[in-house]
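K.L.:
Okay, so here is final13.txt, and as you'll see once you scroll down, it has compact mmCIF, C-alpha atoms (C1' of nucleotides).
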```
# COMPACT_ATOMS: atom_id res chain seq x y z
CA MET F 1 1.36 -38.59 3.23
CA GLN F 2 4.26 -38.92 0.79
CA THR F 3 2.47 -36.39 -1.42
CA LEU F 4 2.59 -33.91 1.42
CA PHE F 5 6.22 -34.60 2.17
CA SER F 6 7.30 -34.12 -1.40
CA HIS F 7 5.26 -30.93 -1.58
CA ILE F 8 7.07 -29.59 1.49
CA ARG F 9 10.41 -30.54 0.00
CA LYS F 10 9.83 -28.04 -2.78
CA TYR F 11 9.95 -25.16 -0.34
CA CYS F 12 12.41 -26.16 2.32
CA GLN F 13 14.46 -29.04 3.58
CA LEU F 14 13.16 -30.74 6.73
CA SER F 15 15.23 -33.20 8.74
CA ASP F 16 14.06 -36.82 8.84
CA GLU F 17 13.31 -36.35 12.50
CA SER F 18 11.05 -33.37 11.72
CA LEU F 19 9.25 -35.22 8.95
CA HIS F 20 8.71 -38.14 11.27
CA ARG F 21 7.29 -35.96 14.05
CA LEU F 22 5.10 -34.15 11.59
CA GLY F 23 3.84 -37.47 10.26
CA SER F 24 2.99 -38.68 13.73
CA VAL F 25 0.54 -35.82 14.40
CA LEU F 26 -1.17 -35.78 11.00
CA LYS F 27 -4.68 -37.22 10.86
CA PRO F 28 -6.28 -38.35 7.59
CA VAL F 29 -9.61 -36.76 6.71
CA GLU F 30 -11.96 -37.81 3.95
CA LEU F 31 -15.10 -35.82 3.23
CA GLU F 32 -17.56 -35.72 0.43
CA LYS F 33 -18.56 -32.99 -1.97
CA GLY F 34 -20.67 -30.26 -0.47
CA SER F 35 -19.65 -30.70 3.15
CA LEU F 36 -18.18 -27.85 5.15
CA LEU F 37 -14.63 -28.27 6.36
CA ILE F 38 -14.65 -25.01 8.32
CA THR F 39 -17.67 -22.98 9.35
CA GLU F 40 -18.00 -19.39 10.47
CA GLY F 41 -18.39 -18.58 14.13
CA LYS F 42 -15.95 -21.22 15.30
CA VAL F 43 -12.29 -21.06 16.18
CA CYS F 44 -10.40 -22.87 13.46
CA GLN F 45 -8.43 -25.69 15.06
CA HIS F 46 -6.55 -27.20 12.12
CA VAL F 47 -4.43 -26.61 9.12
CA TYR F 48 -5.21 -29.06 6.35
CA PHE F 49 -3.20 -30.32 3.45
CA LEU F 50 -5.37 -31.05 0.44
CA GLU F 51 -4.15 -34.21 -1.26
CA ARG F 52 -7.07 -34.77 -3.62
CA GLY F 53 -10.11 -32.70 -4.58
CA CYS F 54 -10.92 -29.02 -4.55
CA LEU F 55 -12.72 -26.56 -2.33
CA ARG F 56 -13.69 -22.95 -1.91
CA GLY F 57 -13.50 -20.39 0.89
CA PHE F 58 -16.44 -18.05 1.20
CA TYR F 59 -17.83 -15.33 3.43
CA ASN F 60 -21.34 -14.23 4.01
CA VAL F 61 -21.20 -10.52 3.30
CA ASP F 62 -24.19 -8.31 2.96
CA GLY F 63 -26.50 -11.31 2.89
CA ARG F 64 -24.77 -13.12 0.05
CA GLU F 65 -21.99 -15.67 -0.28
CA ILE F 66 -18.70 -14.22 -1.47
CA THR F 67 -16.33 -16.88 -2.75
CA TYR F 68 -12.85 -15.47 -2.45
CA TRP F 69 -10.57 -18.46 -2.67
CA PHE F 70 -10.21 -21.87 -4.31
CA ALA F 71 -7.81 -24.62 -3.40
CA PHE F 72 -6.77 -27.64 -5.39
CA GLU F 73 -4.40 -30.56 -4.89
CA ASN F 74 -1.21 -29.86 -2.97
CA ASN F 75 -2.36 -26.82 -1.08
CA PHE F 76 -2.50 -26.01 2.58
CA VAL F 77 -5.92 -24.92 3.68
CA THR F 78 -7.15 -23.23 6.82
CA SER F 79 -9.05 -20.21 8.03
CA LEU F 80 -5.75 -18.53 8.73
CA LEU F 81 -7.29 -15.52 10.37
CA SER F 82 -9.11 -17.59 12.97
CA PHE F 83 -6.32 -20.13 13.28
CA VAL F 84 -3.77 -17.42 14.03
CA THR F 85 -5.86 -15.13 16.21
CA ARG F 86 -7.70 -17.92 18.08
CA LEU F 87 -10.91 -16.00 17.56
CA PRO F 88 -14.08 -17.20 15.85
CA GLY F 89 -13.75 -16.70 12.10
CA MET F 90 -16.19 -15.40 9.51
CA GLU F 91 -14.99 -17.85 6.94
CA ASN F 92 -16.51 -21.03 5.56
CA ILE F 93 -14.69 -23.65 3.58
CA GLN F 94 -16.76 -25.99 1.46
CA LEU F 95 -15.75 -29.01 -0.59
CA LEU F 96 -16.47 -28.72 -4.28
CA GLU F 97 -15.49 -32.35 -4.84
CA ASP F 98 -14.92 -35.40 -2.66
CA CYS F 99 -11.62 -34.70 -0.92
CA LYS F 100 -8.74 -36.43 0.79
CA LEU F 101 -6.97 -34.27 3.36
CA TRP F 102 -4.43 -34.42 6.17
CA ALA F 103 -5.08 -32.42 9.32
CA ILE F 104 -2.72 -31.00 11.89
CA ALA F 105 -4.10 -29.52 15.11
CA TYR F 106 -3.20 -26.04 16.36
CA ASP F 107 -1.52 -27.20 19.55
CA ASP F 108 0.51 -29.85 17.77
CA LEU F 109 1.72 -27.31 15.24
CA GLN F 110 2.71 -24.79 17.91
CA THR F 111 4.65 -27.48 19.71
CA LEU F 112 6.45 -28.40 16.52
CA TYR F 113 7.23 -24.74 15.88
CA GLN F 114 8.91 -24.55 19.27
CA THR F 115 10.80 -27.81 19.15
CA HIS F 116 11.83 -27.94 15.49
CA THR F 117 13.44 -24.87 13.97
CA ASP F 118 13.08 -26.17 10.44
CA ILE F 119 9.32 -26.56 10.87
CA ASN F 120 9.16 -23.00 12.17
CA THR F 121 10.92 -21.93 9.00
CA LEU F 122 8.51 -23.97 6.93
CA GLY F 123 5.64 -22.15 8.65
CA ARG F 124 7.16 -18.79 7.86
CA ILE F 125 7.76 -19.65 4.22
CA MET F 126 4.23 -21.00 3.78
CA ASN F 127 2.86 -17.82 5.30
CA GLU F 128 4.93 -15.70 2.95
CA ARG F 129 3.65 -17.67 0.00
CA TYR F 130 0.06 -17.33 1.10
CA TYR F 131 0.45 -13.63 1.56
CA VAL F 132 1.88 -13.31 -1.92
CA MET F 133 -0.94 -15.30 -3.49
CA LEU F 134 -3.58 -13.24 -1.72
CA GLU F 135 -1.91 -10.03 -2.77
CA GLU F 136 -1.86 -11.11 -6.40
CA ARG F 137 -5.56 -11.88 -6.17
CA PHE F 138 -6.18 -8.60 -4.46
CA VAL F 139 -4.51 -6.65 -7.19
CA SER F 140 -6.13 -8.43 -10.09
CA ASN F 141 -9.46 -7.68 -8.45
CA HIS F 142 -8.78 -4.02 -9.03
CA PHE F 143 -9.05 -4.29 -12.77
CA ARG F 144 -11.73 -1.81 -13.60
CA GLU F 145 -13.80 -3.82 -16.00
CA ALA F 146 -15.37 -7.19 -15.35
CA ARG F 147 -14.04 -8.48 -18.66
CA ASP F 148 -10.46 -7.62 -17.68
CA ARG F 149 -10.78 -9.56 -14.44
CA TYR F 150 -12.10 -12.55 -16.34
CA GLU F 151 -9.31 -12.44 -18.88
CA ASN F 152 -6.74 -12.12 -16.13
CA LEU F 153 -8.14 -15.26 -14.54
CA LEU F 154 -8.13 -17.02 -17.87
CA ALA F 155 -4.45 -16.18 -18.26
CA ARG F 156 -3.34 -16.94 -14.72
CA ALA F 157 -5.56 -19.74 -13.49
CA PRO F 158 -7.57 -21.34 -16.29
CA HIS F 159 -7.83 -24.59 -14.31
CA ILE F 160 -10.30 -22.87 -11.99
CA LEU F 161 -12.74 -22.48 -14.86
CA GLN F 162 -12.45 -26.13 -15.69
CA ARG F 163 -13.30 -27.44 -12.25
CA VAL F 164 -15.51 -24.90 -10.53
CA PRO F 165 -19.17 -24.01 -11.25
CA LEU F 166 -19.43 -20.62 -12.93
CA GLY F 167 -21.57 -19.19 -10.17
CA HIS F 168 -18.68 -19.49 -7.75
CA VAL F 169 -16.20 -18.16 -10.28
CA ALA F 170 -18.39 -15.12 -10.87
CA SER F 171 -18.48 -14.40 -7.16
CA TYR F 172 -14.72 -14.88 -7.02
CA LEU F 173 -14.32 -12.33 -9.81
CA GLY F 174 -16.65 -9.89 -8.12
CA MET F 175 -19.49 -9.98 -10.62
CA THR F 176 -22.82 -11.71 -11.03
CA GLN F 177 -23.23 -15.02 -12.75
CA GLU F 178 -25.18 -13.35 -15.53
CA THR F 179 -22.40 -10.87 -16.23
CA LEU F 180 -19.81 -13.64 -16.36
CA SER F 181 -21.99 -15.64 -18.69
CA ARG F 182 -22.37 -12.68 -21.06
CA ILE F 183 -18.64 -11.99 -21.02
CA ARG F 184 -17.91 -15.58 -21.94
CA ALA F 185 -20.48 -15.54 -24.70
CA LYS F 186 -18.70 -12.58 -26.32
CA SER F 187 -15.21 -14.09 -26.25
CA MET P 1 15.13 2.15 17.66
CA GLN P 2 13.53 1.71 21.08
CA THR P 3 10.18 2.33 19.42
CA LEU P 4 10.81 -0.65 17.17
CA PHE P 5 11.97 -2.85 20.01
CA SER P 6 8.94 -2.12 22.13
CA HIS P 7 6.72 -2.76 19.11
CA ILE P 8 8.33 -6.16 18.63
CA ARG P 9 7.89 -6.94 22.30
CA LYS P 10 4.12 -6.82 21.82
CA TYR P 11 4.23 -9.85 19.55
CA CYS P 12 7.00 -12.03 20.85
CA GLN P 13 9.86 -12.11 23.27
CA LEU P 14 13.30 -11.74 21.74
CA SER P 15 16.50 -12.46 23.67
CA ASP P 16 18.81 -9.53 24.41
CA GLU P 17 21.33 -11.10 22.07
CA SER P 18 18.76 -11.16 19.25
CA LEU P 19 17.72 -7.57 19.85
CA HIS P 20 21.34 -6.51 19.84
CA ARG P 21 22.07 -8.31 16.58
CA LEU P 22 18.94 -6.89 15.02
CA GLY P 23 19.95 -3.41 16.15
CA SER P 24 23.37 -3.77 14.62
CA VAL P 25 22.03 -4.33 11.09
CA LEU P 26 19.29 -1.68 11.14
CA LYS P 27 19.97 1.48 9.14
CA PRO P 28 18.09 4.72 9.77
CA VAL P 29 16.30 6.24 6.77
CA GLU P 30 14.74 9.67 6.58
CA LEU P 31 12.85 10.74 3.48
CA GLU P 32 10.52 13.54 2.67
CA LYS P 33 6.91 13.62 1.62
CA GLY P 34 6.27 12.53 -1.94
CA SER P 35 9.40 10.45 -2.43
CA LEU P 36 9.21 6.81 -3.43
CA LEU P 37 10.53 4.27 -0.96
CA ILE P 38 10.00 1.34 -3.31
CA THR P 39 9.41 1.47 -7.05
CA GLU P 40 8.01 -1.07 -9.45
CA GLY P 41 10.31 -3.09 -11.64
CA LYS P 42 12.98 -3.51 -8.99
CA VAL P 43 13.66 -6.32 -6.58
CA CYS P 44 12.78 -5.09 -3.13
CA GLN P 45 15.87 -5.34 -0.92
CA HIS P 46 14.60 -4.18 2.47
CA VAL P 47 11.98 -4.44 5.09
CA TYR P 48 11.34 -1.11 6.77
CA PHE P 49 9.95 -0.22 10.12
CA LEU P 50 8.00 3.03 10.02
CA GLU P 51 8.72 5.03 13.15
CA ARG P 52 7.13 8.31 12.11
CA GLY P 53 4.99 9.41 9.18
CA CYS P 54 2.66 7.62 6.81
CA LEU P 55 2.78 6.16 3.33
CA ARG P 56 0.80 4.32 0.70
CA GLY P 57 1.37 1.31 -1.51
CA PHE P 58 0.02 1.55 -5.01
CA TYR P 59 0.00 -0.34 -8.29
CA ASN P 60 -0.38 0.89 -11.80
CA VAL P 61 -3.27 -1.15 -13.10
CA ASP P 62 -5.08 -0.49 -16.30
CA GLY P 63 -3.29 2.84 -16.72
CA ARG P 64 -4.27 4.23 -13.34
CA GLU P 65 -2.83 4.24 -9.84
CA ILE P 66 -4.54 1.87 -7.45
CA THR P 67 -3.77 2.63 -3.83
CA TYR P 68 -4.29 -0.56 -1.92
CA TRP P 69 -2.53 -0.03 1.36
CA PHE P 70 -1.64 2.65 3.90
CA ALA P 71 0.90 2.41 6.70
CA PHE P 72 1.29 4.57 9.75
CA GLU P 73 3.60 4.66 12.76
CA ASN P 74 4.75 1.31 14.12
CA ASN P 75 4.27 -0.76 11.03
CA PHE P 76 6.59 -2.90 9.03
CA VAL P 77 6.65 -1.96 5.39
CA THR P 78 7.97 -3.74 2.34
CA SER P 79 6.95 -5.00 -1.04
CA LEU P 80 6.55 -8.45 0.44
CA LEU P 81 5.87 -10.14 -2.86
CA SER P 82 9.12 -8.96 -4.38
CA PHE P 83 11.06 -9.27 -1.15
CA VAL P 84 10.03 -12.89 -0.75
CA THR P 85 10.20 -14.06 -4.34
CA ARG P 86 13.35 -12.06 -5.24
CA LEU P 87 11.63 -11.01 -8.43
CA PRO P 88 10.94 -7.44 -9.65
CA GLY P 89 7.73 -6.19 -8.09
CA MET P 90 4.82 -4.22 -9.50
CA GLU P 91 4.40 -2.23 -6.36
CA ASN P 92 5.29 1.35 -5.49
CA ILE P 93 5.46 2.78 -2.01
CA GLN P 94 5.22 6.53 -1.67
CA LEU P 95 5.56 8.74 1.39
CA LEU P 96 2.49 10.78 2.22
CA GLU P 97 4.37 12.68 4.91
CA ASP P 98 8.01 13.16 5.88
CA CYS P 99 9.03 9.83 7.41
CA LYS P 100 11.54 8.30 9.76
CA LEU P 101 12.22 4.62 9.07
CA TRP P 102 14.59 1.81 9.95
CA ALA P 103 15.75 -0.53 7.20
CA ILE P 104 16.94 -4.10 7.32
CA ALA P 105 18.46 -5.68 4.23
CA TYR P 106 17.27 -9.01 2.78
CA ASP P 107 20.55 -10.85 3.31
CA ASP P 108 20.89 -9.63 6.89
CA LEU P 109 17.38 -10.76 7.68
CA GLN P 110 17.90 -14.21 6.18
CA THR P 111 21.07 -14.60 8.20
CA LEU P 112 19.23 -13.64 11.37
CA TYR P 113 16.46 -16.10 10.53
CA GLN P 114 19.04 -18.87 10.34
CA THR P 115 21.05 -17.97 13.39
CA HIS P 116 18.33 -16.81 15.76
CA THR P 117 15.28 -19.00 16.22
CA ASP P 118 13.32 -16.30 18.01
CA ILE P 119 13.77 -13.90 15.08
CA ASN P 120 12.55 -16.62 12.74
CA THR P 121 9.46 -16.90 14.92
CA LEU P 122 9.04 -13.13 14.86
CA GLY P 123 9.16 -13.28 11.07
CA ARG P 124 6.49 -15.95 11.00
CA ILE P 125 4.22 -14.07 13.38
CA MET P 126 4.60 -10.83 11.44
CA ASN P 127 3.75 -12.67 8.24
CA GLU P 128 0.67 -14.15 9.83
CA ARG P 129 -0.45 -10.75 10.99
CA TYR P 130 0.09 -9.22 7.58
CA TYR P 131 -1.88 -11.99 5.94
CA VAL P 132 -4.73 -11.43 8.34
CA MET P 133 -4.81 -7.68 7.75
CA LEU P 134 -4.80 -8.14 4.00
CA GLU P 135 -7.58 -10.68 4.21
CA GLU P 136 -9.73 -8.33 6.26
CA ARG P 137 -9.17 -5.64 3.66
CA PHE P 138 -9.94 -8.10 0.92
CA VAL P 139 -13.23 -9.06 2.44
CA SER P 140 -14.42 -5.56 3.23
CA ASN P 141 -13.72 -4.71 -0.40
CA HIS P 142 -16.45 -7.11 -1.34
CA PHE P 143 -19.20 -5.02 0.15
CA ARG P 144 -21.49 -4.45 -2.73
CA GLU P 145 -22.19 -0.77 -2.43
CA ALA P 146 -19.63 2.01 -2.37
CA ARG P 147 -21.36 3.53 0.66
CA ASP P 148 -20.98 0.29 2.65
CA ARG P 149 -17.27 0.17 1.93
CA TYR P 150 -16.89 3.74 3.09
CA GLU P 151 -18.81 3.13 6.28
CA ASN P 152 -16.80 0.02 6.98
CA LEU P 153 -13.64 2.08 6.69
CA LEU P 154 -15.10 4.76 8.93
CA ALA P 155 -15.80 2.10 11.55
CA ARG P 156 -12.53 0.21 11.27
CA ALA P 157 -9.89 2.75 10.36
CA PRO P 158 -11.13 6.33 10.71
CA HIS P 159 -7.58 7.57 11.20
CA ILE P 160 -6.94 6.95 7.50
CA LEU P 161 -9.50 9.59 6.61
CA GLN P 162 -7.83 12.08 8.88
CA ARG P 163 -4.37 11.81 7.39
CA VAL P 164 -4.72 10.80 3.77
CA PRO P 165 -5.99 12.86 0.78
CA LEU P 166 -9.44 11.72 -0.28
CA GLY P 167 -8.27 10.83 -3.77
CA HIS P 168 -6.09 8.08 -2.37
CA VAL P 169 -8.81 6.90 -0.01
CA ALA P 170 -11.27 6.67 -2.89
CA SER P 171 -8.84 4.53 -4.83
CA TYR P 172 -8.29 2.39 -1.73
CA LEU P 173 -12.05 1.89 -1.47
CA GLY P 174 -12.36 1.05 -5.15
CA MET P 175 -14.35 4.07 -6.25
CA THR P 176 -13.69 7.42 -7.88
CA GLN P 177 -12.96 10.53 -5.90
CA GLU P 178 -16.24 12.05 -7.05
CA THR P 179 -18.24 9.12 -5.74
CA LEU P 180 -16.51 9.26 -2.37
CA SER P 181 -17.12 12.96 -2.15
CA ARG P 182 -20.83 12.50 -2.84
CA ILE P 183 -21.11 9.73 -0.28
CA ARG P 184 -19.52 11.93 2.35
CA ALA P 185 -21.81 14.82 1.49
CA LYS P 186 -24.83 12.64 2.19
CA SER P 187 -23.68 11.36 5.58
C1' DC I 1 -35.16 -43.06 -22.25
C1' DC I 2 -37.60 -40.10 -19.10
C1' DG I 3 -38.08 -36.88 -15.58
C1' DC I 4 -35.78 -34.53 -12.08
C1' DT I 5 -32.45 -31.23 -10.34
C1' DC I 6 -28.89 -28.07 -10.87
C1' DA I 7 -26.09 -25.05 -13.82
C1' DT I 8 -25.98 -21.83 -17.46
C1' DT I 9 -27.70 -18.64 -20.75
C1' DT I 10 -30.65 -15.01 -22.56
C1' DG I 11 -33.70 -10.93 -22.35
C1' DA I 12 -35.72 -6.55 -20.62
C1' DC I 13 -35.09 -3.10 -17.54
C1' DA I 14 -33.23 -0.33 -13.51
C1' DT I 15 -29.50 1.90 -11.30
C1' DA I 16 -25.12 2.76 -9.01
C1' DA I 17 -21.24 4.61 -10.21
C1' DA I 18 -18.00 6.30 -13.93
C1' DT I 19 -16.85 10.08 -16.90
C1' DC I 20 -16.21 14.70 -18.31
C1' DA I 21 -16.15 19.35 -17.04
C1' DA I 22 -16.02 23.16 -14.16
C1' DA I 23 -16.51 25.59 -9.78
C1' DA I 24 -15.35 26.11 -5.06
C1' DA I 25 -12.46 25.48 -1.15
C1' DA I 26 -8.25 24.78 1.22
C1' DG I 27 -3.22 25.14 1.69
C1' DA I 28 1.28 26.73 0.53
C1' DA I 29 4.33 30.17 -1.13
C1' DA I 30 5.59 34.81 -2.08
C1' DT A 1 -2.67 39.71 2.02
C1' DT A 2 -2.37 38.01 -2.73
C1' DT A 3 -1.31 34.52 -5.87
C1' DC A 4 -0.69 29.91 -7.17
C1' DT A 5 -1.38 25.07 -6.67
C1' DT A 6 -3.72 21.24 -4.93
C1' DT A 7 -7.72 19.12 -3.12
C1' DT A 8 -12.54 18.64 -2.87
C1' DT A 9 -17.18 19.36 -4.36
C1' DT A 10 -21.02 19.80 -7.61
C1' DG A 11 -23.52 19.08 -12.02
C1' DA A 12 -24.95 16.74 -16.37
C1' DT A 13 -24.63 12.69 -18.86
C1' DT A 14 -23.26 7.96 -20.11
C1' DT A 15 -22.48 3.20 -19.28
C1' DA A 16 -21.32 -1.11 -17.27
C1' DT A 17 -23.30 -4.12 -14.45
C1' DG A 18 -26.98 -5.58 -11.31
C1' DT A 19 -31.72 -7.35 -10.86
C1' DC A 20 -35.58 -10.06 -11.93
C1' DA A 21 -37.59 -13.52 -14.72
C1' DA A 22 -37.75 -17.13 -17.84
C1' DA A 23 -35.74 -20.42 -21.09
C1' DT A 24 -32.34 -23.68 -22.27
C1' DG A 25 -28.97 -27.16 -21.39
C1' DA A 26 -26.36 -30.75 -18.78
C1' DG A 27 -25.94 -34.43 -15.60
C1' DC A 28 -27.90 -38.16 -12.86
C1' DG A 29 -30.95 -41.76 -10.89
C1' DG A 30 -34.69 -44.58 -11.73
```
Output the structure of this file as structure tokens.
P.N.:
Amino acid sequence: MQTLFSHIRKYCQLSDESLHRLGSVLKPVELEKGSLLITEGKVCQHVYFLERGCLRGFYNVDGREITYWFAFENNFVTSLLSFVTRLPGMENIQLLEDCKLWAIAYDDLQTLYQTHTDINTLGRIMNERYYVMLEERFVSNHFREARDRYENLLARAPHILQRVPLGHVASYLGMTQETLSRIRAKS
Amino acid sequence: MQTLFSHIRKYCQLSDESLHRLGSVLKPVELEKGSLLITEGKVCQHVYFLERGCLRGFYNVDGREITYWFAFENNFVTSLLSFVTRLPGMENIQLLEDCKLWAIAYDDLQTLYQTHTDINTLGRIMNERYYVMLEERFVSNHFREARDRYENLLARAPHILQRVPLGHVASYLGMTQETLSRIRAKS
DNA sequence: CCGCTCATTTGACATAAATCAAAAAAGAAA
DNA sequence: TTTCTTTTTTGATTTATGTCAAATGAGCGG
């Protein structure tokens, strides 16, 4: 839990009281590689903090899995769309390694938002950051050529290539596994 | 300004005091079709509320303009990435029609966030909504075939096709203008 | 070390969509 | 209306990437 607290501290200052309250509603979660943390068709009830491990978010579009997101240590994870709208989501989140997480339930978080201004601010800042990250991804996806998208990834997030099977990376980059393999061969 | 206030009311309840303070820092902006509201390379200093007109956000990627966003009446508009990070952005926002907007400056907004809890909450909720919209766009962009992306747009946001030149729509859908034209011909 | 499974690479071929170029249509201005 | 500009469509051709299929390689348990 200290990992989480020191991660939060990077973005904004919470009072001891707020940290304590936050700590009291967090539940530890340990799951093993391959299991699904969040599945489509359900209303997402938690935000998770990923302390150890990595995972991917994917959609089923057009009959195939589209990986569109990876998370590693020290990231908040949720199906934000479903969590925010309280509607069933289309998103799945799957563990790519054994993971250690902390969970906070929707209702608990809303209560904290109302009772602790600094936690409300934390929520806003985290949302801003997540928007920014998604937008960066969105833009780099518009590189015309597959090779450019790969090289952009290599420059911006090489750690993904070191920890994630290439099939998922290819999907993430919007190309087939074969295309990614050929691009890498010619580098 | 009443248009803005009643838009806000849809998402959360602000106190009269908060609305009044907000009103006192809003500046009216009127610009004509074609002008640039936000240009790349600068730190974005405002969030705008679009009361009348429409506009597009675009990046220069790979030597060409990529339109990745449209806004119409009753939307907040900014280069969120730059606004949030305080770094020069890559984004341009251009008016597609003559527009009437209201502007709020970064410093004013931060002050309001600190002094008025309900405005902080409004900020968080707006961020959540913007994340969700971007994610929906992101996912629909992953439809494999150009025709599927077009039909998804037709189903979800047909008003875009009625107000925006097809060249921009094609870019938005990740295809050339010629391809979009051919798809439409065969519908 | 062997055999199993899963991940990755390689090859041959098909095709959706890009490119280049020009015509047609639609709007705006005179 | 006529002219000028911008937007949209159509045609011919090229190309990057997808598809299908098979081979190779890596990791793991027995």
K.L.:
Just give me the gap between CA of Leu95 in chain F and CA of Cys54 in chain F in Å, one decimal is fine.
P.N.:
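If I compute the distance from CA of Leu95 in chain F to CA of Cys54 in chain F, I get 6.2 Å.
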K.L.:
Contacts of Val47 in chain F at 6 Å or less, counting all atoms listed in the file, minus same-chain residues fewer than 2 places along, as a list in words?
P.N.:
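Once the adjacent positions are removed, what remains is Val77, Thr78, Ala103 and Ile104 of chain F.
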K.L.:
Using all atoms listed in the file, which residues of chain A come within 8 Å of chain P, and what is the closest atom pair for each, with the distance in Å to one decimal? Give it as CSV, sorted by chain and residue number.
P.N.:
```
residue,atom,partner,partner_atom,distance
A:DT7,C1',P:Pro165,CA,7.6
A:DT8,C1',P:Ser181,CA,7.3
A:DT9,C1',P:Ser181,CA,6.8
```
K.L.:
Quick one: which residues from chain I are at most 10 Å off chain P, using only C-alpha atoms (C1' of nucleotides), as a ChimeraX atom specification?
P.N.:
/I:16-19
K.L.:
Using only C-alpha atoms, determine which residues of chain P fall within 7 Å of chain F; present them as a PyMOL selection string.
P.N.:
chain P and resi 61-62+81+84+117+120-121+123-124+127-128+131-132+138+143
K.L.:
In Å, rounded to a single decimal, give me how far C1' of DT9 in chain I is from C1' of DA23 in chain A.
P.N.:
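Interatomic distance, C1' of DA23 in chain A to C1' of DT9 in chain I: 8.2 Å.
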K.L.:
Report as a list in words all protein, DNA and RNA residues lying within 9 Å of DT10 in chain A, evaluated on all atoms listed in the file, omitting residues in the same chain fewer than 3 positions from it.
P.N.:
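Final neighbour list, sorted by chain and number: Arg182 of chain P; DA22, DA23 and DA24 of chain I.
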K.L.:
Can I get the selected residues back with C-alpha atoms (C1' of nucleotides), as a compact mmCIF listing (two decimals), in the coordinates of the input?
P.N.:
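The resulting file, part-v7.txt, is shown below:
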```
# COMPACT_ATOMS: atom_id res chain seq x y z
CA ARG P 182 -20.83 12.50 -2.84
C1' DA I 22 -16.02 23.16 -14.16
C1' DA I 23 -16.51 25.59 -9.78
C1' DA I 24 -15.35 26.11 -5.06
```
